[in-house]
file my_file_2.cif (mmCIF, N, CA and C atoms)
data_structure
#
loop_
_atom_site.label_atom_id
_atom_site.label_comp_id
_atom_site.auth_asym_id
_atom_site.auth_seq_id
_atom_site.Cartn_x
_atom_site.Cartn_y
_atom_site.Cartn_z
N MET U 1 -1.51 18.15 18.99
CA MET U 1 -1.27 16.72 19.11
C MET U 1 -2.40 15.97 18.40
N LYS U 2 -2.03 14.98 17.64
CA LYS U 2 -3.02 14.22 16.89
C LYS U 2 -3.76 13.27 17.82
N ASP U 3 -4.95 12.93 17.41
CA ASP U 3 -5.83 12.07 18.19
C ASP U 3 -5.43 10.60 18.01
N LYS U 4 -4.91 9.99 19.05
CA LYS U 4 -4.47 8.58 19.02
C LYS U 4 -5.62 7.66 19.41
N LEU U 5 -5.55 6.45 18.86
CA LEU U 5 -6.58 5.45 19.13
C LEU U 5 -5.89 4.11 19.36
N SER U 6 -6.23 3.44 20.44
CA SER U 6 -5.71 2.11 20.72
C SER U 6 -6.77 1.09 20.31
N ILE U 7 -6.38 0.19 19.40
CA ILE U 7 -7.30 -0.85 18.96
C ILE U 7 -6.59 -2.19 19.00
N LYS U 8 -7.37 -3.24 18.93
CA LYS U 8 -6.82 -4.58 18.82
C LYS U 8 -7.24 -5.12 17.47
N VAL U 9 -6.28 -5.69 16.75
CA VAL U 9 -6.59 -6.28 15.45
C VAL U 9 -6.21 -7.75 15.48
N SER U 10 -6.95 -8.53 14.73
CA SER U 10 -6.68 -9.96 14.64
C SER U 10 -6.12 -10.26 13.26
N ILE U 11 -4.87 -10.73 13.25
CA ILE U 11 -4.20 -11.07 12.00
C ILE U 11 -3.79 -12.53 12.08
N ALA U 12 -4.32 -13.31 11.13
CA ALA U 12 -4.02 -14.75 11.05
C ALA U 12 -4.25 -15.45 12.39
N GLY U 13 -5.34 -15.05 13.06
CA GLY U 13 -5.71 -15.73 14.30
C GLY U 13 -5.03 -15.24 15.55
N ARG U 14 -4.20 -14.21 15.45
CA ARG U 14 -3.54 -13.65 16.63
C ARG U 14 -4.01 -12.22 16.83
N ILE U 15 -4.13 -11.83 18.08
CA ILE U 15 -4.57 -10.48 18.43
C ILE U 15 -3.33 -9.60 18.66
N TYR U 16 -3.36 -8.43 18.03
CA TYR U 16 -2.27 -7.46 18.18
C TYR U 16 -2.84 -6.12 18.61
N PRO U 17 -2.34 -5.58 19.73
CA PRO U 17 -2.77 -4.23 20.11
C PRO U 17 -1.93 -3.21 19.32
N VAL U 18 -2.58 -2.23 18.76
CA VAL U 18 -1.86 -1.19 18.01
C VAL U 18 -2.41 0.18 18.41
N THR U 19 -1.53 1.16 18.37
CA THR U 19 -1.93 2.54 18.60
C THR U 19 -1.71 3.28 17.29
N ILE U 20 -2.78 3.90 16.82
CA ILE U 20 -2.75 4.56 15.52
C ILE U 20 -3.38 5.94 15.63
N GLU U 21 -3.20 6.74 14.61
CA GLU U 21 -3.93 7.99 14.52
C GLU U 21 -5.39 7.64 14.22
N ARG U 22 -6.30 8.34 14.81
CA ARG U 22 -7.72 8.07 14.58
C ARG U 22 -8.05 8.13 13.09
N SER U 23 -7.40 9.01 12.37
CA SER U 23 -7.64 9.17 10.93
C SER U 23 -7.18 7.95 10.12
N GLU U 24 -6.33 7.11 10.70
CA GLU U 24 -5.81 5.93 10.01
C GLU U 24 -6.65 4.67 10.26
N GLU U 25 -7.62 4.76 11.13
CA GLU U 25 -8.34 3.55 11.56
C GLU U 25 -8.96 2.79 10.38
N GLU U 26 -9.65 3.47 9.50
CA GLU U 26 -10.30 2.79 8.38
C GLU U 26 -9.28 2.06 7.51
N ASN U 27 -8.17 2.72 7.20
CA ASN U 27 -7.14 2.08 6.37
C ASN U 27 -6.51 0.88 7.08
N VAL U 28 -6.28 1.00 8.37
CA VAL U 28 -5.69 -0.11 9.13
C VAL U 28 -6.65 -1.30 9.13
N ARG U 29 -7.91 -1.05 9.36
CA ARG U 29 -8.88 -2.15 9.37
C ARG U 29 -9.02 -2.79 7.99
N LYS U 30 -8.96 -1.99 6.93
CA LYS U 30 -9.00 -2.53 5.57
C LYS U 30 -7.75 -3.37 5.29
N ALA U 31 -6.60 -2.90 5.78
CA ALA U 31 -5.35 -3.65 5.60
C ALA U 31 -5.41 -4.99 6.32
N VAL U 32 -5.91 -4.98 7.55
CA VAL U 32 -6.06 -6.21 8.32
C VAL U 32 -6.97 -7.19 7.58
N LYS U 33 -8.07 -6.69 7.06
CA LYS U 33 -9.00 -7.54 6.32
C LYS U 33 -8.32 -8.13 5.09
N ALA U 34 -7.58 -7.31 4.36
CA ALA U 34 -6.88 -7.79 3.16
C ALA U 34 -5.85 -8.86 3.50
N ILE U 35 -5.10 -8.66 4.58
CA ILE U 35 -4.10 -9.64 5.01
C ILE U 35 -4.79 -10.96 5.35
N ASN U 36 -5.85 -10.88 6.15
CA ASN U 36 -6.56 -12.10 6.55
C ASN U 36 -7.16 -12.83 5.35
N GLU U 37 -7.68 -12.09 4.39
CA GLU U 37 -8.23 -12.71 3.18
C GLU U 37 -7.12 -13.40 2.38
N LYS U 38 -5.97 -12.75 2.25
CA LYS U 38 -4.86 -13.33 1.49
C LYS U 38 -4.33 -14.58 2.20
N VAL U 39 -4.20 -14.53 3.51
CA VAL U 39 -3.75 -15.69 4.28
C VAL U 39 -4.74 -16.84 4.09
N SER U 40 -6.02 -16.54 4.16
CA SER U 40 -7.05 -17.56 3.97
C SER U 40 -7.00 -18.15 2.56
N ASP U 41 -6.81 -17.31 1.56
CA ASP U 41 -6.68 -17.79 0.17
C ASP U 41 -5.50 -18.74 0.04
N TYR U 42 -4.36 -18.36 0.59
CA TYR U 42 -3.17 -19.22 0.49
C TYR U 42 -3.40 -20.54 1.23
N GLU U 43 -4.04 -20.46 2.38
CA GLU U 43 -4.30 -21.67 3.17
C GLU U 43 -5.18 -22.65 2.38
N LYS U 44 -6.19 -22.12 1.71
CA LYS U 44 -7.10 -22.97 0.94
C LYS U 44 -6.45 -23.52 -0.33
N ASN U 45 -5.72 -22.68 -1.03
CA ASN U 45 -5.20 -23.05 -2.35
C ASN U 45 -3.88 -23.79 -2.35
N PHE U 46 -3.12 -23.70 -1.28
CA PHE U 46 -1.79 -24.31 -1.28
C PHE U 46 -1.58 -25.35 -0.18
N ASP U 47 -2.64 -25.68 0.54
CA ASP U 47 -2.56 -26.69 1.58
C ASP U 47 -1.40 -26.44 2.54
N ILE U 48 -1.24 -25.19 2.91
CA ILE U 48 -0.20 -24.80 3.87
C ILE U 48 -0.91 -24.47 5.18
N LYS U 49 -0.43 -25.03 6.27
CA LYS U 49 -1.08 -24.82 7.56
C LYS U 49 -0.26 -23.93 8.49
N ASP U 50 1.03 -23.80 8.24
CA ASP U 50 1.90 -23.01 9.11
C ASP U 50 1.59 -21.52 8.91
N ARG U 51 1.09 -20.88 9.95
CA ARG U 51 0.69 -19.47 9.86
C ARG U 51 1.87 -18.57 9.50
N GLN U 52 3.05 -18.89 9.97
CA GLN U 52 4.24 -18.09 9.65
C GLN U 52 4.49 -18.11 8.14
N ASP U 53 4.38 -19.28 7.53
CA ASP U 53 4.57 -19.38 6.07
C ASP U 53 3.48 -18.61 5.33
N LEU U 54 2.24 -18.72 5.81
CA LEU U 54 1.13 -18.02 5.17
C LEU U 54 1.32 -16.50 5.27
N LEU U 55 1.74 -16.04 6.44
CA LEU U 55 1.99 -14.61 6.61
C LEU U 55 3.16 -14.13 5.75
N ALA U 56 4.19 -14.96 5.64
CA ALA U 56 5.33 -14.60 4.79
C ALA U 56 4.91 -14.48 3.33
N MET U 57 4.08 -15.41 2.87
CA MET U 57 3.61 -15.36 1.49
C MET U 57 2.72 -14.13 1.26
N ALA U 58 1.84 -13.84 2.21
CA ALA U 58 0.99 -12.66 2.09
C ALA U 58 1.83 -11.39 2.10
N SER U 59 2.85 -11.34 2.96
CA SER U 59 3.74 -10.18 3.02
C SER U 59 4.46 -9.98 1.69
N LEU U 60 4.95 -11.06 1.12
CA LEU U 60 5.63 -10.97 -0.17
C LEU U 60 4.68 -10.46 -1.24
N ASN U 61 3.45 -10.96 -1.25
CA ASN U 61 2.45 -10.52 -2.21
C ASN U 61 2.20 -9.02 -2.10
N PHE U 62 1.95 -8.54 -0.89
CA PHE U 62 1.66 -7.12 -0.70
C PHE U 62 2.89 -6.24 -0.95
N ALA U 63 4.06 -6.71 -0.54
CA ALA U 63 5.27 -5.92 -0.77
C ALA U 63 5.59 -5.80 -2.25
N SER U 64 5.40 -6.88 -3.01
CA SER U 64 5.68 -6.82 -4.44
C SER U 64 4.69 -5.88 -5.14
N LYS U 65 3.43 -5.87 -4.70
CA LYS U 65 2.46 -4.93 -5.26
C LYS U 65 2.83 -3.50 -4.91
N SER U 66 3.31 -3.28 -3.71
CA SER U 66 3.73 -1.94 -3.29
C SER U 66 4.90 -1.44 -4.13
N VAL U 67 5.88 -2.31 -4.36
CA VAL U 67 7.04 -1.94 -5.18
C VAL U 67 6.59 -1.64 -6.61
N GLU U 68 5.69 -2.45 -7.13
CA GLU U 68 5.18 -2.24 -8.49
C GLU U 68 4.46 -0.89 -8.59
N LEU U 69 3.63 -0.56 -7.60
CA LEU U 69 2.93 0.71 -7.60
C LEU U 69 3.89 1.89 -7.48
N GLU U 70 4.91 1.72 -6.65
CA GLU U 70 5.91 2.77 -6.48
C GLU U 70 6.65 3.02 -7.79
N HIS U 71 7.03 1.94 -8.46
CA HIS U 71 7.74 2.05 -9.74
C HIS U 71 6.83 2.73 -10.77
N SER U 72 5.59 2.32 -10.83
CA SER U 72 4.63 2.89 -11.76
C SER U 72 4.42 4.37 -11.47
N SER U 73 4.34 4.71 -10.21
CA SER U 73 4.15 6.09 -9.80
C SER U 73 5.31 6.96 -10.24
N HIS U 74 6.54 6.45 -10.10
CA HIS U 74 7.72 7.21 -10.52
C HIS U 74 7.72 7.43 -12.02
N LYS U 75 7.30 6.41 -12.77
CA LYS U 75 7.23 6.55 -14.23
C LYS U 75 6.19 7.61 -14.60
N ASP U 76 5.05 7.58 -13.92
CA ASP U 76 4.00 8.57 -14.18
C ASP U 76 4.48 9.98 -13.84
N GLU U 77 5.18 10.11 -12.71
CA GLU U 77 5.70 11.42 -12.31
C GLU U 77 6.67 11.95 -13.36
N ARG U 78 7.56 11.09 -13.86
CA ARG U 78 8.54 11.50 -14.85
C ARG U 78 7.84 11.95 -16.14
N SER U 79 6.82 11.21 -16.53
CA SER U 79 6.06 11.54 -17.73
C SER U 79 5.37 12.90 -17.58
N ILE U 80 4.78 13.14 -16.42
CA ILE U 80 4.11 14.41 -16.16
C ILE U 80 5.12 15.55 -16.17
N LEU U 81 6.26 15.33 -15.52
CA LEU U 81 7.30 16.37 -15.50
C LEU U 81 7.80 16.67 -16.91
N ASP U 82 7.98 15.64 -17.72
CA ASP U 82 8.42 15.85 -19.11
C ASP U 82 7.41 16.70 -19.87
N ARG U 83 6.13 16.39 -19.71
CA ARG U 83 5.09 17.16 -20.41
C ARG U 83 5.03 18.60 -19.91
N LEU U 84 5.19 18.79 -18.60
CA LEU U 84 5.20 20.15 -18.06
C LEU U 84 6.38 20.95 -18.59
N GLU U 85 7.54 20.30 -18.68
CA GLU U 85 8.71 21.00 -19.21
C GLU U 85 8.50 21.40 -20.67
N LYS U 86 7.90 20.53 -21.47
CA LYS U 86 7.60 20.85 -22.87
C LYS U 86 6.61 22.01 -22.95
N ALA U 87 5.57 21.97 -22.11
CA ALA U 87 4.58 23.05 -22.10
C ALA U 87 5.24 24.36 -21.68
N ASP U 88 6.11 24.30 -20.69
CA ASP U 88 6.82 25.50 -20.23
C ASP U 88 7.67 26.09 -21.36
N LYS U 89 8.36 25.25 -22.12
CA LYS U 89 9.18 25.72 -23.23
C LYS U 89 8.33 26.36 -24.31
N LEU U 90 7.19 25.73 -24.61
CA LEU U 90 6.27 26.30 -25.61
C LEU U 90 5.74 27.67 -25.18
N ILE U 91 5.33 27.74 -23.95
CA ILE U 91 4.82 29.02 -23.41
C ILE U 91 5.91 30.07 -23.40
N SER U 92 7.10 29.70 -22.97
CA SER U 92 8.23 30.65 -22.95
C SER U 92 8.56 31.12 -24.35
N ALA U 93 8.52 30.20 -25.33
CA ALA U 93 8.81 30.58 -26.72
C ALA U 93 7.77 31.55 -27.22
N GLU U 94 6.49 31.29 -26.91
CA GLU U 94 5.42 32.18 -27.35
C GLU U 94 5.53 33.55 -26.70
N LEU U 95 5.86 33.58 -25.44
CA LEU U 95 5.99 34.86 -24.72
C LEU U 95 7.21 35.64 -25.20
N GLY U 96 8.22 34.90 -25.66
CA GLY U 96 9.46 35.55 -26.12
C GLY U 96 9.34 36.14 -27.51
N ARG U 97 8.28 35.89 -28.22
CA ARG U 97 8.10 36.42 -29.58
C ARG U 97 8.02 37.89 -29.62
#
call {"tool": "encode", "arguments": {"input": "my_file_2.cif", "output": "C-alpha cells"}}
result
Amino acid sequence: MKDKLSIKVSIAGRIYPVTIERSEEENVRKAVKAINEKVSDYEKNFDIKDRQDLLAMASLNFASKSVELEHSSHKDERSILDRLEKADKLISAELGR
C-alpha cells in the first residue's frame, strides 16, 4: 500500500483538503503555487475580481498547455519510432548480406 498524505492547499483564497501519495506532494505544491500565481497575474492584468472567472481562465491556460505538450509528445514519439524503424531496416539489411 502506498503512503498517503492528507494536506490542505490554498487555491485562490480557498482551503481544500486533499489526500495524495506522499511521492506526489512536491508536484502538488508546485501546481498549487503555479495556479495561484496565474490567478494573481490575471487579477492584476485584466481587472477581474470574480475568483470563479480567474480560476476558469487559469484552468484554460494550463489545459491548453497540457494539450500542446501532449500533441508535441506524440509527434516526438512518432519521429523516434520512424527513426528506429529505419535503423532496424538498415541493420536487418546488413545482417542479411
call {"tool": "atom_distance", "arguments": {"input": "my_file_2.cif", "atom1": "atom C of Ser66 of chain U", "atom2": "atom N of Ile48 of chain U"}}
result
25.5 Å
call {"tool": "atom_distance", "arguments": {"input": "my_file_2.cif", "atom1": "atom CA of Gln52 of chain U", "atom2": "atom CA of Lys33 of chain U"}}
result
17.3 Å
call {"tool": "closest_residue", "arguments": {"input": "my_file_2.cif", "among": "U:Ala93, U:Pro17, U:Met57, U:Asn27", "to": "Glu43 of chain U", "atoms": "only C-alpha atoms"}}
result
U:Met57
call {"tool": "residues_around", "arguments": {"input": "my_file_2.cif", "residues": "Glu25 of chain U", "least_positions_apart": "4", "cutoff": "9 Å", "atoms": "only C-alpha atoms", "output": "PyMOL selection string"}}
result
chain U and resi 5+7+20-21+29-30
call {"tool": "atom_distance", "arguments": {"input": "my_file_2.cif", "atom1": "atom CA of Val9 of chain U", "atom2": "atom CA of Ser64 of chain U"}}
result
23.4 Å
call {"tool": "select_by_dssp", "arguments": {"input": "my_file_2.cif", "residues": "chain U", "states": "strand (DSSP E)", "output": "list in words"}}
result
Lys4, Leu5, Ser6, Ile7, Lys8, Val9, Ser10, Ile11, Arg14, Ile15, Tyr16, Pro17, Val18, Thr19, Ile20 and Glu21 of chain U
call {"tool": "select_by_dssp", "arguments": {"input": "my_file_2.cif", "residues": "chain U", "states": "alpha helix (DSSP H)", "output": "ChimeraX atom specification"}}
result
/U:25-46,51-95
call {"tool": "closest_residue", "arguments": {"input": "my_file_2.cif", "among": "U:Phe62, U:Asn45, U:Asn36, U:Val67", "to": "Gly13 of chain U", "atoms": "all atoms listed in the file"}}
result
U:Asn36
call {"tool": "closest_residue", "arguments": {"input": "my_file_2.cif", "among": "U:Leu95, U:Val28, U:Val39, U:Val18", "to": "Leu55 of chain U", "atoms": "only C-alpha atoms"}}
result
U:Val39
call {"tool": "decode", "arguments": {"input": "my_file_2.cif", "residues": "segment 13-43 of chain U", "atoms": "N, CA and C atoms", "output": "JSON list (two decimals), in the first residue's frame"}}
result
[["chain", "number", "residue", "atom", "x", "y", "z"],
["U", 13, "GLY", "N", -7.44, 31.63, -2.59],
["U", 13, "GLY", "CA", -8.02, 32.09, -1.34],
["U", 13, "GLY", "C", -8.93, 31.11, -0.63],
["U", 14, "ARG", "N", -9.09, 29.91, -1.17],
["U", 14, "ARG", "CA", -9.92, 28.89, -0.52],
["U", 14, "ARG", "C", -9.05, 27.72, -0.12],
["U", 15, "ILE", "N", -9.39, 27.11, 1.00],
["U", 15, "ILE", "CA", -8.64, 25.97, 1.51],
["U", 15, "ILE", "C", -9.33, 24.68, 1.05],
["U", 16, "TYR", "N", -8.52, 23.77, 0.51],
["U", 16, "TYR", "CA", -9.02, 22.47, 0.04],
["U", 16, "TYR", "C", -8.21, 21.36, 0.70],
["U", 17, "PRO", "N", -8.90, 20.43, 1.38],
["U", 17, "PRO", "CA", -8.18, 19.27, 1.91],
["U", 17, "PRO", "C", -8.03, 18.24, 0.78],
["U", 18, "VAL", "N", -6.84, 17.71, 0.64],
["U", 18, "VAL", "CA", -6.60, 16.69, -0.39],
["U", 18, "VAL", "C", -5.79, 15.55, 0.21],
["U", 19, "THR", "N", -6.03, 14.36, -0.29],
["U", 19, "THR", "CA", -5.25, 13.19, 0.10],
["U", 19, "THR", "C", -4.48, 12.75, -1.14],
["U", 20, "ILE", "N", -3.17, 12.68, -0.99],
["U", 20, "ILE", "CA", -2.30, 12.37, -2.12],
["U", 20, "ILE", "C", -1.28, 11.32, -1.71],
["U", 21, "GLU", "N", -0.61, 10.77, -2.68],
["U", 21, "GLU", "CA", 0.53, 9.92, -2.39],
["U", 21, "GLU", "C", 1.65, 10.82, -1.87],
["U", 22, "ARG", "N", 2.37, 10.37, -0.90],
["U", 22, "ARG", "CA", 3.47, 11.17, -0.34],
["U", 22, "ARG", "C", 4.45, 11.58, -1.44],
["U", 23, "SER", "N", 4.66, 10.72, -2.40],
["U", 23, "SER", "CA", 5.59, 11.00, -3.50],
["U", 23, "SER", "C", 5.11, 12.12, -4.42],
["U", 24, "GLU", "N", 3.82, 12.45, -4.36],
["U", 24, "GLU", "CA", 3.24, 13.49, -5.21],
["U", 24, "GLU", "C", 3.24, 14.87, -4.54],
["U", 25, "GLU", "N", 3.62, 14.94, -3.28],
["U", 25, "GLU", "CA", 3.46, 16.19, -2.53],
["U", 25, "GLU", "C", 4.18, 17.37, -3.19],
["U", 26, "GLU", "N", 5.41, 17.20, -3.59],
["U", 26, "GLU", "CA", 6.16, 18.31, -4.18],
["U", 26, "GLU", "C", 5.47, 18.81, -5.45],
["U", 27, "ASN", "N", 5.04, 17.89, -6.31],
["U", 27, "ASN", "CA", 4.36, 18.30, -7.55],
["U", 27, "ASN", "C", 3.04, 19.00, -7.26],
["U", 28, "VAL", "N", 2.29, 18.51, -6.29],
["U", 28, "VAL", "CA", 1.01, 19.13, -5.94],
["U", 28, "VAL", "C", 1.25, 20.55, -5.42],
["U", 29, "ARG", "N", 2.22, 20.71, -4.56],
["U", 29, "ARG", "CA", 2.51, 22.05, -4.02],
["U", 29, "ARG", "C", 2.99, 23.00, -5.12],
["U", 30, "LYS", "N", 3.79, 22.50, -6.06],
["U", 30, "LYS", "CA", 4.23, 23.32, -7.19],
["U", 30, "LYS", "C", 3.04, 23.70, -8.07],
["U", 31, "ALA", "N", 2.12, 22.76, -8.27],
["U", 31, "ALA", "CA", 0.92, 23.04, -9.07],
["U", 31, "ALA", "C", 0.06, 24.11, -8.41],
["U", 32, "VAL", "N", -0.13, 23.99, -7.10],
["U", 32, "VAL", "CA", -0.91, 24.98, -6.35],
["U", 32, "VAL", "C", -0.26, 26.35, -6.49],
["U", 33, "LYS", "N", 1.05, 26.41, -6.36],
["U", 33, "LYS", "CA", 1.76, 27.69, -6.49],
["U", 33, "LYS", "C", 1.57, 28.27, -7.89],
["U", 34, "ALA", "N", 1.68, 27.43, -8.91],
["U", 34, "ALA", "CA", 1.51, 27.90, -10.29],
["U", 34, "ALA", "C", 0.09, 28.42, -10.53],
["U", 35, "ILE", "N", -0.91, 27.73, -10.00],
["U", 35, "ILE", "CA", -2.30, 28.17, -10.15],
["U", 35, "ILE", "C", -2.48, 29.53, -9.48],
["U", 36, "ASN", "N", -2.01, 29.64, -8.25],
["U", 36, "ASN", "CA", -2.17, 30.90, -7.52],
["U", 36, "ASN", "C", -1.45, 32.06, -8.21],
["U", 37, "GLU", "N", -0.28, 31.79, -8.76],
["U", 37, "GLU", "CA", 0.45, 32.83, -9.49],
["U", 37, "GLU", "C", -0.31, 33.25, -10.75],
["U", 38, "LYS", "N", -0.86, 32.28, -11.48],
["U", 38, "LYS", "CA", -1.61, 32.60, -12.70],
["U", 38, "LYS", "C", -2.88, 33.37, -12.36],
["U", 39, "VAL", "N", -3.58, 32.97, -11.32],
["U", 39, "VAL", "CA", -4.79, 33.69, -10.88],
["U", 39, "VAL", "C", -4.42, 35.13, -10.51],
["U", 40, "SER", "N", -3.33, 35.29, -9.78],
["U", 40, "SER", "CA", -2.88, 36.62, -9.38],
["U", 40, "SER", "C", -2.51, 37.47, -10.60],
["U", 41, "ASP", "N", -1.82, 36.87, -11.56],
["U", 41, "ASP", "CA", -1.47, 37.59, -12.80],
["U", 41, "ASP", "C", -2.72, 38.06, -13.53],
["U", 42, "TYR", "N", -3.70, 37.19, -13.66],
["U", 42, "TYR", "CA", -4.94, 37.57, -14.36],
["U", 42, "TYR", "C", -5.67, 38.67, -13.59],
["U", 43, "GLU", "N", -5.68, 38.55, -12.28],
["U", 43, "GLU", "CA", -6.36, 39.56, -11.46],
["U", 43, "GLU", "C", -5.73, 40.95, -11.65]]
